[in-house]
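Here the structure is laid out as structure tokens; the discussion comes afterwards.
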There are 2 protein chains.
Amino acid sequence: MISVEEARARILRAFEPVGKETIGVADAWGRVLATEIHARLTQPPADVSAMDGYAVRAADAQEGAKLRVVGAAPAGRPLDTVLKWGEAVRLFTGSVIPAGADAVLLQEDARVEGEIIVAGQACIPGQHIRRQGQDFAAGDTILSPGIRLGARQIGLAAAANHPWLTAYRRPRIAILSTGDEIHLPGEPISPGGIVSSNALVLAGFARALGAEPWVLPIAADDAEAIGTAAKAALGADLLVTTGGASVGDHDLLQAGLARQGFALDFWKIAMRPGKPMIFGQLGGMPVLGLPGNPVSAFVCGVLFLMPAIARLSGLSQEMPQTVAATLGAPVRANDHRMEFLRATLSCGADGALVATPLLRQDSALQGTLARADALVLRPPHAAACGAGDAIHVIRLDLLGF
Amino acid sequence: MISVEEARARILRAFEPVGKETIGVADAWGRVLATEIHARLTQPPADVSAMDGYAVRAADAQEGAKLRVVGAAPAGRPLDTVLKWGEAVRLFTGSVIPAGADAVLLQEDARVEGEIIVAGQACIPGQHIRRQGQDFAAGDTILSPGIRLGARQIGLAAAANHPWLTAYRRPRIAILSTGDEIHLPGEPISPGGIVSSNALVLAGFARALGAEPWVLPIAADDAEAIGTAAKAALGADLLVTTGGASVGDHDLLQAGLARQGFALDFWKIAMRPGKPMIFGQLGGMPVLGLPGNPVSAFVCGVLFLMPAIARLSGLSQEMPQTVAATLGAPVRANDHRMEFLRATLSCGADGALVATPLLRQDSALQGTLARADALVLRPPHAAACGAGDAIHVIRLDLLGF
């Protein structure tokens with residue numbers, strides 16, 4: 001058995017970012033940026049007004065001063081004139097400040113008398129002017145590769161005049177469930193059979209992480225069938241399997257993969273739930289063999305599949321992120337296997353995150369898993385902890401898992 | 001001017017969830033569930049083994065006892081037999097416990113001698129058995145309407161044998177940018193013009209919230225053009241506009257909408273950034289008129305567009321969620337307008353969230369906005385606060401915005 005940390009490190013070494021593709025900026029939401037983005041223009045493009053009002057010379061615009069309005073410059077229609085002594089130009093938010101002007105008199109501070117305005121208040125040079133380039137200047141690096149593009153980053157790239165972006169393509173994640181006892185929802189169920197859910201959960205992982213799931217037909221508990229199915233997945237960036245990874249007589253996954261030349265890296269991790277996990281390579285394609293138990297498969301997915309997909313995706317952020325929290329209820333001392341307790345989260349009086357492990361931690365409880373907000377990390381040989389003790393958690397509620 | 005809270009309440013009153021649709025459970029990721037889900041079967045379907053090992057009668061299986069293995073029951077292939085005194089049945093994780101057996105002897109505790117196993121340890125009745133229905137029983141309510149379906153909830157619905165789900169359809173959000181000075185990225189830019197980014201940001205909001213953006217062509221600064229464009233959006237669940245909502249001469253949005261029979265609800269909110277915001281109805285379609293300034297539009301989007309889309313989507317959770325944090329740097333006293341400071345987040349030594357307002361809060365800075373993790377809420381007339389003081393924030397880093 002190897003530790004969770006060693007398993008993750010060995011898995012991550014097997015992955016590098018997938019190739020890049022050109023995408024339209026309008027299709028960039030959720031995609032991972034693959035290049036630096038430099039501003040193609042300067043923003044604001046010139047000194048512009050921050051408010052609706054009048055461009056003035058501050059020296060003129062003392063309280064009670066009368067200024068003649070010689071024109072108007074709506075945003076996007078700059079006036080090609082030089083403001084002279086005693087003159088003002090009507091401006092709006094975003095209007096270019098005309099040459100000669102050095103301040104904006106707010107419209108609420110100006111009394112209009114025909115073509116004349118009367119300044120209700122003195123102006124300070126520079127007031128209500130946004131300086132050319134105060135947001136960014138042409139050539140500035142405004143976004144770095146490896147980030148997932150949200151609405152704001154897309155807005156920034158667009159404002160910097162990029163109609164196209166270079167993103168990592170979506171990694172393709174092949175998903176293979178194995179087992180004679182599992183059946184797709186709504187299909188006839190054999191005696192003692194259960195309904196397959198792992199593949200759908202793992203497809204959800206892929207979607208949540210911006211990858212493309214490819215759900216293969218369920219393979220029977222037969223080494224030949226498993227090997228054939230795995231071979232059919234060649235070309236995917238990663239093959240994830242569930243089931244058949246235990247230590248019993250029915251450990252057919254390794255036998256099936258071996259027929260196709262599988263190179264095993266490791267297959268046992270000191271963790272609970274989720275000990276039996278296979279990792280290796282099949283014809284250049286990494287293969288992650290998760291347990292068949294839904295909760296074990298899920299926890300292994302969070303710990304190993306998520307970072308693998310993140311690495312494939314080109315994301316620079318390491319996953320999963322852990323955050324500090326305090327325990328809401330006591331937990332017993334831990335043995336040599338790292339444990340991941342399903343827990344609910346609440347917010348303490350001081351704003352700190354409180355994680356309360358659910359009472360029933362049996363790894364067969366999908367209902368409990370679906371209600372959990374977090375996994376509480378219990379390192380190997382951790383001492384018993386009481387309510388209020390500091391711990392670390394992986395937040396599930398934020399992941400789309 | 002009305003308060004942020006009143007504006008949000010008035011906006012929310014204008015929305016109700018959109019209609020429902022049937023979706024395959026494999027396509028349910030990120031969708032909002034529209035009905036209760038009841039389990040269609042019992043899980044586990046019978047008492048099953050939690051481990052690989054042997055079904056035994058606990059009374060027989062004392063340390064050193066020899067038991068005859070009379071058969072094997074792989075998961076999904078239950079044995080139609082009654083276990084008698086002195087017998088054992090080979091089992092695997094998930095195997096149905098045969099009649100007559102009441103415990104599972106772990107395989108590592110059994111020494112195999114041909115057809116005989118020797119118990120290395122005494123068994124306790126019930127050990128390593130998962131009871132029928134311990135996860136859920138047929139008829140149990142396992143998921144409630146109004147939740148966004150993540151991987152785990154989809155897994156639970158599938159395990160409960162639902163091939164189809166009823167979800168709210170994706171709301172359709174029409175987005176109209178106005179202004180003579182704005183141009184799409186990569187297109188020719190007029191003197192004093194800027195590149196349009198608001199529509200892309202708002203489309204990102206829609207995507208992040210599972211809605212369908214419908215980006216309309218940019219409307220010129222002309223009441224007729226704006227009215228025609230707004231009318232063309234009829235049929236959307238919400239029309240969001242940006243620009244033209246200020247108090248200057250170029251407040252053309254209201255004039256344009258008025259030509260199509262727009263019923264104004266309100267148009268000024270005591271907040272910063274983002275004061276001028278229009279809300280009303282056009283032929284039964286709610287219209288939210290956001291400011292043209294990108295940062296103002298974004299903040300108004302977080303405060304008003306997000307809850308509107310959430311309500312349309314059928315989500316039961318109120319948005320935006322605020323969380324407690326502490327200030328990382330002092331802030332000045334606030335005036336009568338609620339303020340939303342762009343801030344970065346870090347994690348304090350005790351795990352508490354620390355929000356540090358960015359130095360430059362000018363509402364024209366898209367670069368700063370793209371780097372912010374949170375909005376710090378500063379209520380009207382809030383006193384000056386120092387580092388370490390308790391505040392509330394809206395986390396942007398978690399929203400896909």
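Identifiers in the structure tokens: chain A, B, ... in order shown; residue index from 1 per chain; ligand index from 1 in order shown.
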
Write down, as an MDAnalysis selection string, each residue of chain A that has any atom within 7 Å of an atom of chain B, counting only C-alpha atoms.
chainID A and resid 26 29 45 52 75:78 92 96 135 142 150:156 158:159 161:163 180:181 185:186 191:193 195:198 200:201 204:205 248 324:325 351:352 365:367 370 398 400:401

Using N, CA and C atoms, can you write the selected residues to a file as a compact mmCIF listing (two decimals), in the first residue's frame?
```
# COMPACT_ATOMS: atom_id res chain seq x y z
N ALA A 26 -16.66 34.38 -27.61
CA ALA A 26 -18.04 34.18 -27.16
C ALA A 26 -18.29 32.74 -26.69
N TRP A 29 -16.48 30.61 -22.25
CA TRP A 29 -16.83 30.45 -20.84
C TRP A 29 -16.48 29.03 -20.36
N PRO A 45 -9.04 54.67 -24.17
CA PRO A 45 -8.19 55.01 -25.32
C PRO A 45 -7.65 56.44 -25.25
N ASP A 52 -21.42 62.31 -16.37
CA ASP A 52 -22.12 63.22 -17.27
C ASP A 52 -21.86 64.65 -16.77
N ALA A 75 -20.22 59.97 -25.99
CA ALA A 75 -19.23 58.88 -25.98
C ALA A 75 -19.13 58.33 -27.40
N GLY A 76 -17.92 58.19 -27.89
CA GLY A 76 -17.73 57.63 -29.23
C GLY A 76 -17.79 58.66 -30.33
N ARG A 77 -18.08 59.93 -29.97
CA ARG A 77 -18.09 60.98 -31.00
C ARG A 77 -17.28 62.17 -30.49
N PRO A 78 -15.95 61.99 -30.39
CA PRO A 78 -15.12 63.06 -29.82
C PRO A 78 -15.16 64.31 -30.68
N PHE A 92 -20.53 63.20 -21.70
CA PHE A 92 -21.25 62.12 -21.03
C PHE A 92 -20.22 61.10 -20.55
N VAL A 96 -14.66 61.49 -24.75
CA VAL A 96 -13.26 61.92 -24.76
C VAL A 96 -13.20 63.40 -24.33
N ASP A 135 -6.84 51.60 -17.11
CA ASP A 135 -7.27 50.21 -16.95
C ASP A 135 -6.14 49.29 -17.46
N ILE A 142 -2.62 40.86 -19.63
CA ILE A 142 -3.84 41.01 -18.82
C ILE A 142 -4.37 39.67 -18.31
N GLY A 150 -13.76 32.74 -16.63
CA GLY A 150 -15.10 33.10 -16.19
C GLY A 150 -15.57 34.32 -16.95
N ALA A 151 -16.75 34.79 -16.59
CA ALA A 151 -17.34 35.91 -17.32
C ALA A 151 -16.43 37.13 -17.30
N ARG A 152 -15.83 37.42 -16.16
CA ARG A 152 -15.01 38.63 -16.06
C ARG A 152 -13.75 38.56 -16.92
N GLN A 153 -13.12 37.38 -16.95
CA GLN A 153 -11.90 37.24 -17.74
C GLN A 153 -12.22 37.32 -19.24
N ILE A 154 -13.37 36.77 -19.62
CA ILE A 154 -13.81 36.88 -21.01
C ILE A 154 -14.06 38.35 -21.36
N GLY A 155 -14.69 39.06 -20.44
CA GLY A 155 -14.94 40.49 -20.65
C GLY A 155 -13.65 41.26 -20.83
N LEU A 156 -12.67 40.92 -20.03
CA LEU A 156 -11.38 41.62 -20.12
C LEU A 156 -10.69 41.34 -21.45
N ALA A 158 -12.13 40.48 -24.21
CA ALA A 158 -12.89 41.16 -25.26
C ALA A 158 -12.58 42.65 -25.27
N ALA A 159 -12.56 43.26 -24.08
CA ALA A 159 -12.28 44.69 -24.00
C ALA A 159 -10.90 45.01 -24.55
N ASN A 161 -9.75 43.62 -27.06
CA ASN A 161 -9.89 43.45 -28.51
C ASN A 161 -9.45 42.09 -29.04
N HIS A 162 -9.76 41.04 -28.32
CA HIS A 162 -9.46 39.69 -28.78
C HIS A 162 -10.74 38.98 -29.21
N PRO A 163 -10.96 38.81 -30.52
CA PRO A 163 -12.13 38.02 -30.95
C PRO A 163 -11.90 36.52 -30.82
N ASP A 180 -21.24 -7.90 -13.76
CA ASP A 180 -22.44 -8.60 -14.21
C ASP A 180 -23.69 -8.11 -13.48
N GLU A 181 -23.47 -7.54 -12.28
CA GLU A 181 -24.62 -7.21 -11.46
C GLU A 181 -25.18 -5.82 -11.73
N PRO A 185 -30.11 2.50 -15.60
CA PRO A 185 -31.40 2.87 -15.02
C PRO A 185 -32.55 2.58 -16.00
N GLY A 186 -33.61 1.98 -15.50
CA GLY A 186 -34.78 1.69 -16.32
C GLY A 186 -34.71 0.40 -17.08
N PRO A 191 -31.85 -10.69 -10.61
CA PRO A 191 -31.92 -10.91 -9.16
C PRO A 191 -30.59 -10.56 -8.51
N GLY A 192 -30.64 -9.78 -7.44
CA GLY A 192 -29.41 -9.37 -6.76
C GLY A 192 -28.66 -8.28 -7.48
N GLY A 193 -29.18 -7.83 -8.62
CA GLY A 193 -28.51 -6.79 -9.39
C GLY A 193 -28.78 -5.40 -8.83
N VAL A 195 -28.50 -0.95 -9.85
CA VAL A 195 -28.51 -0.02 -10.98
C VAL A 195 -27.18 0.71 -11.02
N SER A 196 -26.63 0.80 -12.23
CA SER A 196 -25.33 1.45 -12.44
C SER A 196 -25.44 2.95 -12.23
N SER A 197 -24.55 3.50 -11.42
CA SER A 197 -24.53 4.95 -11.24
C SER A 197 -23.13 5.53 -11.35
N ASN A 198 -22.11 4.70 -11.18
CA ASN A 198 -20.74 5.23 -11.16
C ASN A 198 -20.37 5.96 -12.45
N LEU A 200 -22.23 7.53 -14.53
CA LEU A 200 -22.88 8.83 -14.60
C LEU A 200 -22.24 9.84 -13.67
N VAL A 201 -21.83 9.36 -12.49
CA VAL A 201 -21.15 10.24 -11.54
C VAL A 201 -19.82 10.71 -12.14
N GLY A 204 -20.25 13.19 -14.71
CA GLY A 204 -20.50 14.49 -14.07
C GLY A 204 -19.21 15.17 -13.64
N PHE A 205 -18.27 14.38 -13.12
CA PHE A 205 -16.94 14.92 -12.80
C PHE A 205 -16.33 15.57 -14.05
N GLY A 248 -10.54 -9.84 -4.53
CA GLY A 248 -11.21 -11.13 -4.55
C GLY A 248 -10.93 -11.92 -5.82
N ALA A 324 -9.17 25.20 5.56
CA ALA A 324 -9.21 25.02 7.01
C ALA A 324 -10.65 25.12 7.50
N ALA A 325 -10.97 24.34 8.53
CA ALA A 325 -12.29 24.37 9.14
C ALA A 325 -12.14 23.88 10.58
N GLY A 351 -17.79 33.25 11.58
CA GLY A 351 -17.60 33.14 10.15
C GLY A 351 -16.75 31.96 9.74
N ALA A 352 -16.19 31.24 10.70
CA ALA A 352 -15.36 30.09 10.36
C ALA A 352 -16.23 28.91 9.92
N LEU A 365 -23.34 4.13 1.26
CA LEU A 365 -24.49 5.03 1.38
C LEU A 365 -24.41 6.19 0.39
N GLN A 366 -25.09 6.02 -0.75
CA GLN A 366 -25.08 7.08 -1.75
C GLN A 366 -25.96 8.25 -1.33
N GLY A 367 -27.02 7.94 -0.57
CA GLY A 367 -27.90 9.01 -0.10
C GLY A 367 -27.13 9.97 0.80
N ALA A 370 -24.71 12.06 -1.22
CA ALA A 370 -25.34 13.14 -1.98
C ALA A 370 -25.67 14.33 -1.10
N LEU A 398 -18.85 23.10 -3.72
CA LEU A 398 -18.42 24.11 -4.68
C LEU A 398 -17.95 23.51 -5.99
N GLY A 400 -19.45 21.12 -8.13
CA GLY A 400 -20.31 20.56 -9.17
C GLY A 400 -20.29 19.05 -9.20
N PHE A 401 -19.68 18.48 -8.17
CA PHE A 401 -19.68 17.03 -8.02
C PHE A 401 -20.87 16.61 -7.18
```

Which residues, written as a PyMOL selection string, have at least one atom at most 8 Å from A:Pro125, with only C-alpha atoms counted and residues fewer than 4 positions away on the same chain left out?
chain A and resi 57-59+102-103

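Considering only stretch 295-391 of chain B, backbone DSSP assigns strand (DSSP E or B) to B:Val323, B:Ala324, B:Ala325, B:Thr326, B:Leu327, B:Val331, B:Met338, B:Glu339, B:Phe340, B:Leu341, B:Arg342, B:Ala343, B:Thr344, B:Leu345, B:Ser346, B:Cys347, B:Leu353, B:Val354, B:Ala355, B:Thr356, B:Pro357, B:Ala374, B:Leu375, B:Val376, B:Leu377, B:Arg378, B:Cys385, B:Ala390, B:Ile391.
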
Report as number ranges by chain all protein, DNA and RNA residues lying within 10 Å of stretch 306-319 of chain B, evaluated on only C-alpha atoms, omitting residues in the same chain fewer than 4 positions from it.
B: 8-9, 11-20, 31-34, 144-148, 167-173, 202, 205-206, 208-211, 237-238, 286, 288, 300-302, 394

Where in stretch 191-367 of chain B does DSSP assign alpha helix (DSSP H), given as a VMD selection string?
chain B and resid 198 to 208 223 to 232 252 to 258 294 to 300 306 to 313 366 to 367

Write out as a PDB file with C-alpha atoms, in the first residue's frame each polymer residue whose atoms come within 9 Å of stretch 273-282 of chain B, counting only C-alpha atoms; drop sequence neighbours fewer than 5 positions from it.
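And here's result.pdb as it stands now:
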```
ATOM      1  CA  MET B   1     -33.454  56.122  -5.130  1.00  0.00           C
ATOM      2  CA  ALA B   7     -34.713  46.701  -5.619  1.00  0.00           C
ATOM      3  CA  ARG B  10     -39.140  44.152  -6.440  1.00  0.00           C
ATOM      4  CA  ILE B  11     -37.158  42.384  -9.167  1.00  0.00           C
ATOM      5  CA  ALA B  14     -41.525  39.791 -11.232  1.00  0.00           C
ATOM      6  CA  ALA B 230     -36.072  45.203 -27.511  1.00  0.00           C
ATOM      7  CA  LYS B 231     -39.247  44.171 -29.304  1.00  0.00           C
ATOM      8  CA  LEU B 234     -39.979  39.265 -26.914  1.00  0.00           C
ATOM      9  CA  ALA B 245     -29.420  54.022 -18.508  1.00  0.00           C
ATOM     10  CA  SER B 246     -27.706  57.152 -17.205  1.00  0.00           C
ATOM     11  CA  VAL B 247     -29.336  60.468 -16.384  1.00  0.00           C
ATOM     12  CA  LEU B 253     -33.044  53.335 -23.355  1.00  0.00           C
ATOM     13  CA  GLN B 254     -36.173  54.479 -21.552  1.00  0.00           C
ATOM     14  CA  LEU B 257     -38.476  51.021 -24.556  1.00  0.00           C
ATOM     15  CA  ALA B 258     -41.337  53.477 -24.010  1.00  0.00           C
ATOM     16  CA  GLN B 260     -42.903  49.611 -27.264  1.00  0.00           C
ATOM     17  CA  GLY B 261     -45.111  50.120 -24.204  1.00  0.00           C
ATOM     18  CA  PHE B 262     -42.522  49.612 -21.481  1.00  0.00           C
ATOM     19  CA  ALA B 263     -43.886  49.783 -17.922  1.00  0.00           C
ATOM     20  CA  LEU B 264     -41.127  51.174 -15.702  1.00  0.00           C
ATOM     21  CA  ASP B 265     -40.871  49.883 -12.154  1.00  0.00           C
ATOM     22  CA  PHE B 266     -37.813  51.826 -10.938  1.00  0.00           C
ATOM     23  CA  TRP B 267     -34.574  53.193 -12.270  1.00  0.00           C
ATOM     24  CA  LYS B 268     -32.287  54.375  -9.496  1.00  0.00           C
ATOM     25  CA  VAL B 287     -36.409  44.095 -18.679  1.00  0.00           C
ATOM     26  CA  LEU B 288     -33.340  44.803 -16.573  1.00  0.00           C
ATOM     27  CA  GLY B 289     -31.391  47.821 -17.808  1.00  0.00           C
ATOM     28  CA  LEU B 290     -27.850  47.720 -16.458  1.00  0.00           C
ATOM     29  CA  PRO B 291     -25.365  50.602 -16.626  1.00  0.00           C
ATOM     30  CA  ASN B 293     -19.887  50.875 -17.337  1.00  0.00           C
ATOM     31  CA  VAL B 295     -17.780  47.218 -13.511  1.00  0.00           C
ATOM     32  CA  SER B 296     -21.149  48.758 -12.663  1.00  0.00           C
ATOM     33  CA  ALA B 297     -22.876  46.347 -15.029  1.00  0.00           C
ATOM     34  CA  PHE B 298     -21.052  43.439 -13.430  1.00  0.00           C
ATOM     35  CA  VAL B 299     -21.907  44.412  -9.857  1.00  0.00           C
ATOM     36  CA  CYS B 300     -25.552  45.001 -10.807  1.00  0.00           C
ATOM     37  CA  ARG B 337     -25.192  54.439  -1.006  1.00  0.00           C
ATOM     38  CA  MET B 338     -24.426  50.780  -0.362  1.00  0.00           C
ATOM     39  CA  GLU B 339     -20.931  50.101  -1.668  1.00  0.00           C
ATOM     40  CA  PHE B 340     -19.402  46.956  -3.151  1.00  0.00           C
ATOM     41  CA  LEU B 341     -15.631  46.945  -2.927  1.00  0.00           C
ATOM     42  CA  ASP B 362     -12.619  53.140  -9.885  1.00  0.00           C
ATOM     43  CA  SER B 363     -15.563  51.530 -11.619  1.00  0.00           C
TER      44      SER B 363
END
```

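Picture a line from atom CA of B:Glu87 to atom CA of B:Arg131; it runs 21.5 Å.
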
Have a look at atom CA of A:His128 and atom CA of A:Ser49 and let me know their distance in Å, one decimal.
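These atoms are spaced 6.0 Å apart.
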
Residue with smallest distance to A:Gly244 - pool A:Trp214, A:Arg378, A:Ser177, A:Glu224, counting only C-alpha atoms:
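Smallest separation from A:Gly244 among the options: A:Ser177.
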